[in-house]
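J.: Supplied structure: target_24.txt, compact mmCIF, C-alpha atoms.
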# COMPACT_ATOMS: atom_id res chain seq x y z
CA MET A 1 -2.91 -18.03 -4.56
CA ASN A 2 -0.61 -19.59 -1.98
CA ASP A 3 -1.87 -21.11 1.29
CA GLU A 4 -0.51 -18.34 3.54
CA ARG A 5 -2.24 -15.63 1.53
CA ALA A 6 -5.50 -17.61 1.26
CA GLN A 7 -5.47 -18.18 5.02
CA TRP A 8 -5.06 -14.44 5.70
CA LEU A 9 -7.73 -13.44 3.19
CA SER A 10 -10.23 -15.83 4.79
CA ARG A 11 -10.08 -13.97 8.13
CA PRO A 12 -13.27 -12.07 8.96
CA PRO A 13 -13.10 -8.26 9.04
CA ARG A 14 -12.97 -6.65 12.48
CA GLU A 15 -15.29 -3.73 11.80
CA GLU A 16 -15.69 -2.46 15.39
CA LEU A 17 -11.92 -2.32 15.91
CA SER A 18 -11.55 -0.62 12.53
CA LYS A 19 -14.04 2.10 13.52
CA LYS A 20 -12.26 2.75 16.84
CA LEU A 21 -8.84 2.85 15.18
CA GLY A 22 -10.24 5.12 12.44
CA ILE A 23 -11.29 7.67 15.05
CA ALA A 24 -7.82 7.41 16.64
CA ALA A 25 -6.26 7.92 13.19
CA TRP A 26 -8.20 11.16 12.66
CA ILE A 27 -7.25 12.42 16.12
CA LEU A 28 -3.58 11.49 15.61
CA SER A 29 -3.51 13.09 12.16
CA THR A 30 -4.97 16.31 13.58
CA VAL A 31 -2.51 16.38 16.48
CA VAL A 32 0.44 15.75 14.17
CA LEU A 33 -0.70 18.46 11.75
CA LEU A 34 -1.06 20.97 14.59
CA LEU A 35 2.32 19.97 16.01
CA VAL A 36 4.07 20.36 12.66
CA VAL A 37 2.41 23.73 12.03
CA THR A 38 3.36 25.06 15.47
CA MET A 39 6.85 23.53 15.75
CA GLN A 40 8.42 26.46 13.89
CA LYS A 41 6.87 28.90 16.35
CA ILE A 42 7.93 27.04 19.49
CA LYS A 43 11.61 27.00 20.40
CA LEU A 44 12.61 24.84 23.32
CA PRO A 45 15.95 25.61 24.94
CA LEU A 46 18.35 22.72 25.35
CA PRO A 47 20.64 22.28 28.36
CA ASP A 48 24.20 23.54 27.92
CA GLY A 49 26.24 21.12 25.86
CA TRP A 50 23.21 19.48 24.27
CA SER A 51 22.49 19.66 20.57
CA THR A 52 20.10 18.14 18.10
CA ALA A 53 22.24 19.17 15.14
CA PHE A 54 23.01 15.51 14.38
CA LEU A 55 19.35 14.77 13.57
CA PRO A 56 18.94 15.92 9.92
CA PRO A 57 21.17 13.17 8.47
CA LEU A 58 19.39 10.71 10.76
CA HIS A 59 16.06 11.89 9.31
CA ALA A 60 17.34 11.28 5.79
CA GLY A 61 18.57 7.83 6.80
CA ILE A 62 15.29 6.88 8.45
CA ASN A 63 13.35 7.98 5.36
CA ALA A 64 15.70 6.08 3.05
CA VAL A 65 15.35 2.90 5.11
CA ALA A 66 11.57 3.38 5.17
CA ALA A 67 11.58 3.61 1.35
CA VAL A 68 13.49 0.32 1.09
CA VAL A 69 11.17 -1.34 3.62
CA LEU A 70 8.12 -0.14 1.68
CA LEU A 71 9.52 -1.61 -1.54
CA VAL A 72 10.36 -4.93 0.15
CA SER A 73 6.87 -5.02 1.67
CA VAL A 74 5.07 -4.48 -1.61
CA ILE A 75 7.24 -7.10 -3.34
CA ALA A 76 6.56 -9.52 -0.47
CA ILE A 77 2.79 -9.21 -0.78
CA LYS A 78 2.95 -9.57 -4.57
CA LEU A 79 4.81 -12.85 -3.95
CA GLY A 80 2.20 -13.91 -1.40
CA ASN A 81 4.46 -13.55 1.64
CA VAL A 82 1.96 -11.99 4.05
CA LYS A 83 4.17 -12.34 7.14
CA LEU A 84 7.04 -10.42 5.53
CA HIS A 85 4.61 -7.82 4.19
CA ARG A 86 3.05 -7.28 7.63
CA ALA A 87 6.45 -7.15 9.35
CA GLY A 88 7.64 -4.64 6.75
CA MET A 89 4.60 -2.43 7.12
CA VAL A 90 4.88 -2.43 10.93
CA THR A 91 8.57 -1.55 10.51
CA ALA A 92 7.73 1.26 8.07
CA MET A 93 5.15 2.64 10.52
CA LEU A 94 7.65 2.51 13.41
CA LEU A 95 10.29 4.22 11.27
CA SER A 96 7.77 6.92 10.39
CA VAL A 97 6.93 7.49 14.05
CA LEU A 98 10.64 7.67 14.93
CA PHE A 99 11.19 10.11 12.07
CA LEU A 100 8.27 12.30 13.08
CA LEU A 101 9.30 12.52 16.75
CA SER A 102 12.89 13.26 15.80
CA TYR A 103 11.88 15.80 13.14
CA VAL A 104 9.66 17.72 15.56
CA ALA A 105 12.38 17.61 18.25
CA TYR A 106 14.91 19.04 15.80
CA HIS A 107 12.66 21.83 14.55
CA MET A 108 11.57 22.80 18.05
CA THR A 109 15.21 23.22 19.11
CA ASN A 110 16.82 24.74 16.00
CA ASP A 111 16.30 27.65 13.67
CA PRO A 112 15.31 26.63 10.15
CA THR A 113 18.08 26.12 7.61
CA ARG A 114 17.55 28.13 4.44
CA TYR A 115 18.41 26.78 1.01
CA GLY A 116 21.19 28.90 -0.47
CA GLY A 117 21.28 27.62 -4.04
CA THR A 118 20.30 29.67 -7.05
CA GLY A 119 18.87 29.26 -10.51
CA THR A 120 17.46 25.96 -11.71
CA MET A 121 18.62 24.03 -8.62
CA ARG A 122 16.71 26.43 -6.38
CA THR A 123 13.56 25.80 -8.43
CA VAL A 124 14.14 22.02 -8.32
CA TYR A 125 14.73 22.12 -4.56
CA PHE A 126 11.59 24.10 -3.79
CA LEU A 127 9.48 22.00 -6.19
CA LEU A 128 10.66 18.84 -4.43
CA LEU A 129 10.27 20.38 -0.97
CA ILE A 130 6.75 21.69 -1.58
CA THR A 131 5.53 18.44 -3.14
CA HIS A 132 7.23 16.49 -0.32
CA ILE A 133 5.53 18.56 2.40
CA VAL A 134 2.09 18.50 0.76
CA SER A 135 2.35 14.76 0.03
CA ALA A 136 3.44 14.05 3.63
CA ALA A 137 0.56 16.07 5.07
CA VAL A 138 -2.06 14.59 2.76
CA SER A 139 -0.80 11.02 3.05
CA LEU A 140 -0.61 10.69 6.83
CA PRO A 141 -4.28 9.93 7.57
CA PHE A 142 -4.51 7.69 4.50
CA ILE A 143 -1.39 5.75 5.50
CA LEU A 144 -3.05 5.17 8.85
CA PHE A 145 -6.37 4.16 7.25
CA THR A 146 -4.59 1.76 4.88
CA PHE A 147 -2.65 0.22 7.76
CA ILE A 148 -5.82 -0.07 9.86
CA ALA A 149 -7.71 -1.72 7.00
CA GLY A 150 -5.00 -4.36 6.63
CA TRP A 151 -4.66 -4.83 10.39
CA THR A 152 -8.41 -5.35 10.82
CA ASN A 153 -8.74 -7.77 7.88
CA ARG A 154 -10.62 -5.34 5.64
CA PHE A 155 -8.52 -6.49 2.70
CA GLN A 156 -10.55 -5.02 -0.17
CA THR A 157 -10.38 -1.57 1.41
CA HIS A 158 -6.70 -2.12 2.20
CA ARG A 159 -5.88 -2.97 -1.42
CA ARG A 160 -7.99 -0.13 -2.82
CA LEU A 161 -6.25 2.44 -0.59
CA ALA A 162 -2.77 0.93 -0.94
CA ARG A 163 -2.84 1.29 -4.74
CA TRP A 164 -2.50 5.06 -4.41
CA VAL A 165 -1.23 5.48 -0.83
CA PHE A 166 1.86 3.32 -1.42
CA PRO A 167 3.28 5.47 -4.26
CA LEU A 168 2.53 8.64 -2.29
CA TRP A 169 4.23 7.29 0.85
CA LEU A 170 7.18 6.07 -1.23
CA TYR A 171 7.45 9.52 -2.84
CA VAL A 172 7.61 11.14 0.61
CA ALA A 173 10.19 8.61 1.81
CA VAL A 174 12.41 9.19 -1.25
CA THR A 175 12.10 12.97 -1.60
CA GLY A 176 12.88 13.53 2.09
CA PRO A 177 16.49 12.34 1.74
CA VAL A 178 16.84 14.11 -1.63
CA CYS A 179 15.76 17.41 -0.05
CA TYR A 180 18.19 16.79 2.83
CA TRP A 181 21.13 16.22 0.46
CA MET A 182 20.27 19.36 -1.47
CA LEU A 183 20.03 21.38 1.78
CA ARG A 184 23.05 19.75 3.44
CA PRO A 185 25.67 22.33 2.34
CA TYR A 186 23.65 25.07 4.06
CA TYR A 187 23.40 23.56 7.54
CA PRO A 188 25.40 25.53 10.14
What does the file become when written as structure tokens?
T.:
Amino acid sequence: MNDERAQWLSRPPREELSKKLGIAAWILSTVVLLLVVTMQKIKLPLPDGWSTAFLPPLHAGINAVAAVVLLVSVIAIKLGNVKLHRAGMVTAMLLSVLFLLSYVAYHMTNDPTRYGGTGTMRTVYFLLLITHIVSAAVSLPFILFTFIAGWTNRFQTHRRLARWVFPLWLYVAVTGPVCYWMLRPYYP
């Protein structure tokens, strides 16, 4: 094990901070879930000349960049580069927050776009979309718990969670842009 990694792993866990952040993670996860569930029912009018129609390709781009950052981060930690791993994970979290805010803003100001394909592609699209949505909903609190465990030096918990949270988060980050590209021809 290299010196940088050994130095990080020798830090004592910050249990009190972890507990406080864990409560915040549950509250945030609940708020986000409620917001996503209600965003289709709430339509906010935009001022004349304003549009959020440019956001769907931005969402796909943010998710694609997040997927690359996640991959770089996991490679970094496997190579013992803790600083790059931490910087990557903070970046992935910030990208996810930017995506979420933008996604909610778009869906609160636009009618949903319906997939118009048929046959096998329709089945593929809805299979990807449903697994993407379920994975995103299920993974959010666990992404936060994994991040909190790493941030508060609870490294065993962090590693245990990251082994299954990372592939789930990566799946969400990859299938988001795929769903966008499949839906793209049907945007107004």
J.: Point out the residue among A:Ala76, A:Ile133, A:Leu100, A:Val174 with the least atom-to-atom distance to Glu4 of chain A, counting all atoms listed in the file.
T.: A:Ala76
J.: Could you check which of A:Arg86, A:Ala60, A:Ala105, A:Leu98 is closest to Val172 of chain A, using all atoms listed in the file?
T.: A:Ala60
J.: Could you name the residues that touch Lys83 of chain A at 12 Å or less, counting all atoms listed in the file, but leaving out those on the same chain fewer than 6 positions away, as a list in words?
T.: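 In the requested form, the answer reads Glu4, Arg5, Gln7, Trp8, Val72, Ser73, Val74, Ala76, Ile77, Met89 and Val90 of chain A.
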J.: My list of candidates is A:Val36, A:Leu144, A:Val178, A:Val134. Which is closest to His59 of chain A when distances are computed with only C-alpha atoms?
T.: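 Closest residue, counting only C-alpha atoms: A:Val178.
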J.: For the interface of segment 79-136 of chain A with segment 45-57 of chain A (cut-off 12 Å, counting all atoms listed in the file), please tabulate each contacting residue of segment 79-136 of chain A alongside its nearest pair of atoms and their separation in Å to one decimal, rows sorted by chain and increasing number, as JSON lines.
T.:
{"residue": "A:Leu98", "atom": "CA", "partner": "A:Leu55", "partner_atom": "CA", "distance": 11.3}
{"residue": "A:Phe99", "atom": "CA", "partner": "A:Leu55", "partner_atom": "CA", "distance": 9.5}
{"residue": "A:Leu100", "atom": "CA", "partner": "A:Leu55", "partner_atom": "CA", "distance": 11.4}
{"residue": "A:Leu101", "atom": "CA", "partner": "A:Leu55", "partner_atom": "CA", "distance": 10.8}
{"residue": "A:Ser102", "atom": "CA", "partner": "A:Leu55", "partner_atom": "CA", "distance": 7.0}
{"residue": "A:Tyr103", "atom": "CA", "partner": "A:Leu55", "partner_atom": "CA", "distance": 7.6}
{"residue": "A:Val104", "atom": "CA", "partner": "A:Leu55", "partner_atom": "CA", "distance": 10.3}
{"residue": "A:Ala105", "atom": "CA", "partner": "A:Thr52", "partner_atom": "CA", "distance": 7.7}
{"residue": "A:Tyr106", "atom": "CA", "partner": "A:Thr52", "partner_atom": "CA", "distance": 5.7}
{"residue": "A:His107", "atom": "CA", "partner": "A:Thr52", "partner_atom": "CA", "distance": 9.0}
{"residue": "A:Met108", "atom": "CA", "partner": "A:Pro45", "partner_atom": "CA", "distance": 8.6}
{"residue": "A:Thr109", "atom": "CA", "partner": "A:Pro45", "partner_atom": "CA", "distance": 6.3}
{"residue": "A:Asn110", "atom": "CA", "partner": "A:Thr52", "partner_atom": "CA", "distance": 7.7}
{"residue": "A:Asp111", "atom": "CA", "partner": "A:Ala53", "partner_atom": "CA", "distance": 10.5}
{"residue": "A:Pro112", "atom": "CA", "partner": "A:Pro56", "partner_atom": "CA", "distance": 11.3}
{"residue": "A:Thr113", "atom": "CA", "partner": "A:Pro56", "partner_atom": "CA", "distance": 10.5}
J.: What's the separation between atom CA of Thr123 of chain A and atom CA of Arg184 of chain A, in Å to one decimal place?
T.: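 Going from atom CA of Thr123 of chain A over to atom CA of Arg184 of chain A, I get 16.4 Å.
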J.: If I take atom CA of Val37 of chain A and atom CA of Ser96 of chain A, how far is one from the other in Å, to one decimal?
T.: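 Computing it gives 17.7 Å between the two atoms.
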J.: Considering only C-alpha atoms, can you say which of A:Ile75, A:Leu183, A:Leu168, A:Ala67 comes closest to Gly117 of chain A?
T.: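 Nearest to Gly117 of chain A: A:Leu183.
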J.: So the first atom is atom CA of Leu44 of chain A and the second is atom CA of Pro185 of chain A; what is the distance between them in Å, to one decimal place?
T.: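 Calculated distance between atom CA of Leu44 of chain A and atom CA of Pro185 of chain A is 24.8 Å.
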J.: Name the closest residue to Leu129 of chain A among the candidates A:Ile42, A:Ile62, A:Met182, A:Leu70; distances are taken between atoms, counting all atoms listed in the file.
T.: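 Of A:Ile42, A:Ile62, A:Met182, A:Leu70, the one nearest Leu129 of chain A, counting all atoms listed in the file, is A:Met182.
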J.: Show which residues sit within 12 Å of Tyr125 of chain A, as a list in words. Count all atoms listed in the file, and ignore same-chain residues fewer than 3 positions away.
T.: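 Once the adjacent positions are removed, what remains is Arg114, Tyr115, Gly116, Gly117, Thr118, Gly119, Thr120, Met121, Arg122, Leu128, Leu129, Ile130, Thr131, His132, Thr175, Gly176, Pro177, Val178, Cys179, Tyr180, Trp181, Met182, Leu183 and Arg184 of chain A.
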J.: Box for segment 93-105 of chain A: with edges along x, y and z, all listed atoms inside and 8 Å added on each side, what are the centre and edge lengths in Å to one decimal, as JSON?
T.:
{"center_x": 9.0, "center_y": 10.1, "center_z": 14.3, "size_x": 23.7, "size_y": 31.2, "size_z": 23.9}
J.: Please supply segment 116-138 of chain A, rebuilt with N, CA and C atoms, as a PDB file, keeping the file's coordinate frame.
T.:
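To be explicit, this is the file written out as rebuild19.pdb:
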ATOM      1  N   GLY A 116      20.396  27.801   0.055  1.00  0.00           N
ATOM      2  CA  GLY A 116      21.190  28.900  -0.470  1.00  0.00           C
ATOM      3  C   GLY A 116      21.503  28.809  -1.952  1.00  0.00           C
ATOM      4  N   GLY A 117      21.004  27.769  -2.616  1.00  0.00           N
ATOM      5  CA  GLY A 117      21.280  27.620  -4.040  1.00  0.00           C
ATOM      6  C   GLY A 117      20.527  28.630  -4.876  1.00  0.00           C
ATOM      7  N   THR A 118      20.921  28.718  -6.130  1.00  0.00           N
ATOM      8  CA  THR A 118      20.300  29.670  -7.050  1.00  0.00           C
ATOM      9  C   THR A 118      19.903  28.979  -8.344  1.00  0.00           C
ATOM     10  N   GLY A 119      19.204  29.712  -9.160  1.00  0.00           N
ATOM     11  CA  GLY A 119      18.870  29.260 -10.510  1.00  0.00           C
ATOM     12  C   GLY A 119      17.978  28.031 -10.530  1.00  0.00           C
ATOM     13  N   THR A 120      18.272  27.152 -11.485  1.00  0.00           N
ATOM     14  CA  THR A 120      17.460  25.960 -11.710  1.00  0.00           C
ATOM     15  C   THR A 120      17.435  25.051 -10.480  1.00  0.00           C
ATOM     16  N   MET A 121      18.586  24.914  -9.796  1.00  0.00           N
ATOM     17  CA  MET A 121      18.620  24.030  -8.620  1.00  0.00           C
ATOM     18  C   MET A 121      17.713  24.547  -7.511  1.00  0.00           C
ATOM     19  N   ARG A 122      17.615  25.858  -7.385  1.00  0.00           N
ATOM     20  CA  ARG A 122      16.710  26.430  -6.380  1.00  0.00           C
ATOM     21  C   ARG A 122      15.260  26.058  -6.713  1.00  0.00           C
ATOM     22  N   THR A 123      14.903  26.164  -7.986  1.00  0.00           N
ATOM     23  CA  THR A 123      13.560  25.800  -8.430  1.00  0.00           C
ATOM     24  C   THR A 123      13.306  24.313  -8.182  1.00  0.00           C
ATOM     25  N   VAL A 124      14.276  23.469  -8.532  1.00  0.00           N
ATOM     26  CA  VAL A 124      14.140  22.020  -8.320  1.00  0.00           C
ATOM     27  C   VAL A 124      13.966  21.724  -6.835  1.00  0.00           C
ATOM     28  N   TYR A 125      14.809  22.353  -6.002  1.00  0.00           N
ATOM     29  CA  TYR A 125      14.730  22.120  -4.560  1.00  0.00           C
ATOM     30  C   TYR A 125      13.350  22.485  -4.021  1.00  0.00           C
ATOM     31  N   PHE A 126      12.873  23.672  -4.342  1.00  0.00           N
ATOM     32  CA  PHE A 126      11.590  24.100  -3.790  1.00  0.00           C
ATOM     33  C   PHE A 126      10.424  23.293  -4.373  1.00  0.00           C
ATOM     34  N   LEU A 127      10.513  22.873  -5.617  1.00  0.00           N
ATOM     35  CA  LEU A 127       9.480  22.000  -6.190  1.00  0.00           C
ATOM     36  C   LEU A 127       9.437  20.677  -5.430  1.00  0.00           C
ATOM     37  N   LEU A 128      10.614  20.087  -5.193  1.00  0.00           N
ATOM     38  CA  LEU A 128      10.660  18.840  -4.430  1.00  0.00           C
ATOM     39  C   LEU A 128      10.180  19.046  -2.989  1.00  0.00           C
ATOM     40  N   LEU A 129      10.635  20.120  -2.366  1.00  0.00           N
ATOM     41  CA  LEU A 129      10.270  20.380  -0.970  1.00  0.00           C
ATOM     42  C   LEU A 129       8.763  20.586  -0.820  1.00  0.00           C
ATOM     43  N   ILE A 130       8.193  21.398  -1.677  1.00  0.00           N
ATOM     44  CA  ILE A 130       6.750  21.690  -1.580  1.00  0.00           C
ATOM     45  C   ILE A 130       5.930  20.425  -1.831  1.00  0.00           C
ATOM     46  N   THR A 131       6.293  19.668  -2.867  1.00  0.00           N
ATOM     47  CA  THR A 131       5.530  18.440  -3.140  1.00  0.00           C
ATOM     48  C   THR A 131       5.754  17.407  -2.037  1.00  0.00           C
ATOM     49  N   HIS A 132       6.944  17.388  -1.443  1.00  0.00           N
ATOM     50  CA  HIS A 132       7.230  16.490  -0.320  1.00  0.00           C
ATOM     51  C   HIS A 132       6.349  16.837   0.870  1.00  0.00           C
ATOM     52  N   ILE A 133       6.305  18.111   1.232  1.00  0.00           N
ATOM     53  CA  ILE A 133       5.530  18.560   2.400  1.00  0.00           C
ATOM     54  C   ILE A 133       4.036  18.310   2.189  1.00  0.00           C
ATOM     55  N   VAL A 134       3.523  18.691   1.035  1.00  0.00           N
ATOM     56  CA  VAL A 134       2.090  18.500   0.760  1.00  0.00           C
ATOM     57  C   VAL A 134       1.758  17.001   0.744  1.00  0.00           C
ATOM     58  N   SER A 135       2.598  16.207   0.094  1.00  0.00           N
ATOM     59  CA  SER A 135       2.350  14.760   0.030  1.00  0.00           C
ATOM     60  C   SER A 135       2.398  14.137   1.424  1.00  0.00           C
ATOM     61  N   ALA A 136       3.339  14.581   2.264  1.00  0.00           N
ATOM     62  CA  ALA A 136       3.440  14.050   3.630  1.00  0.00           C
ATOM     63  C   ALA A 136       2.186  14.402   4.426  1.00  0.00           C
ATOM     64  N   ALA A 137       1.741  15.631   4.311  1.00  0.00           N
ATOM     65  CA  ALA A 137       0.560  16.070   5.070  1.00  0.00           C
ATOM     66  C   ALA A 137      -0.692  15.337   4.612  1.00  0.00           C
ATOM     67  N   VAL A 138      -0.862  15.234   3.310  1.00  0.00           N
ATOM     68  CA  VAL A 138      -2.060  14.590   2.760  1.00  0.00           C
ATOM     69  C   VAL A 138      -2.037  13.083   3.031  1.00  0.00           C
TER      70      VAL A 138
END
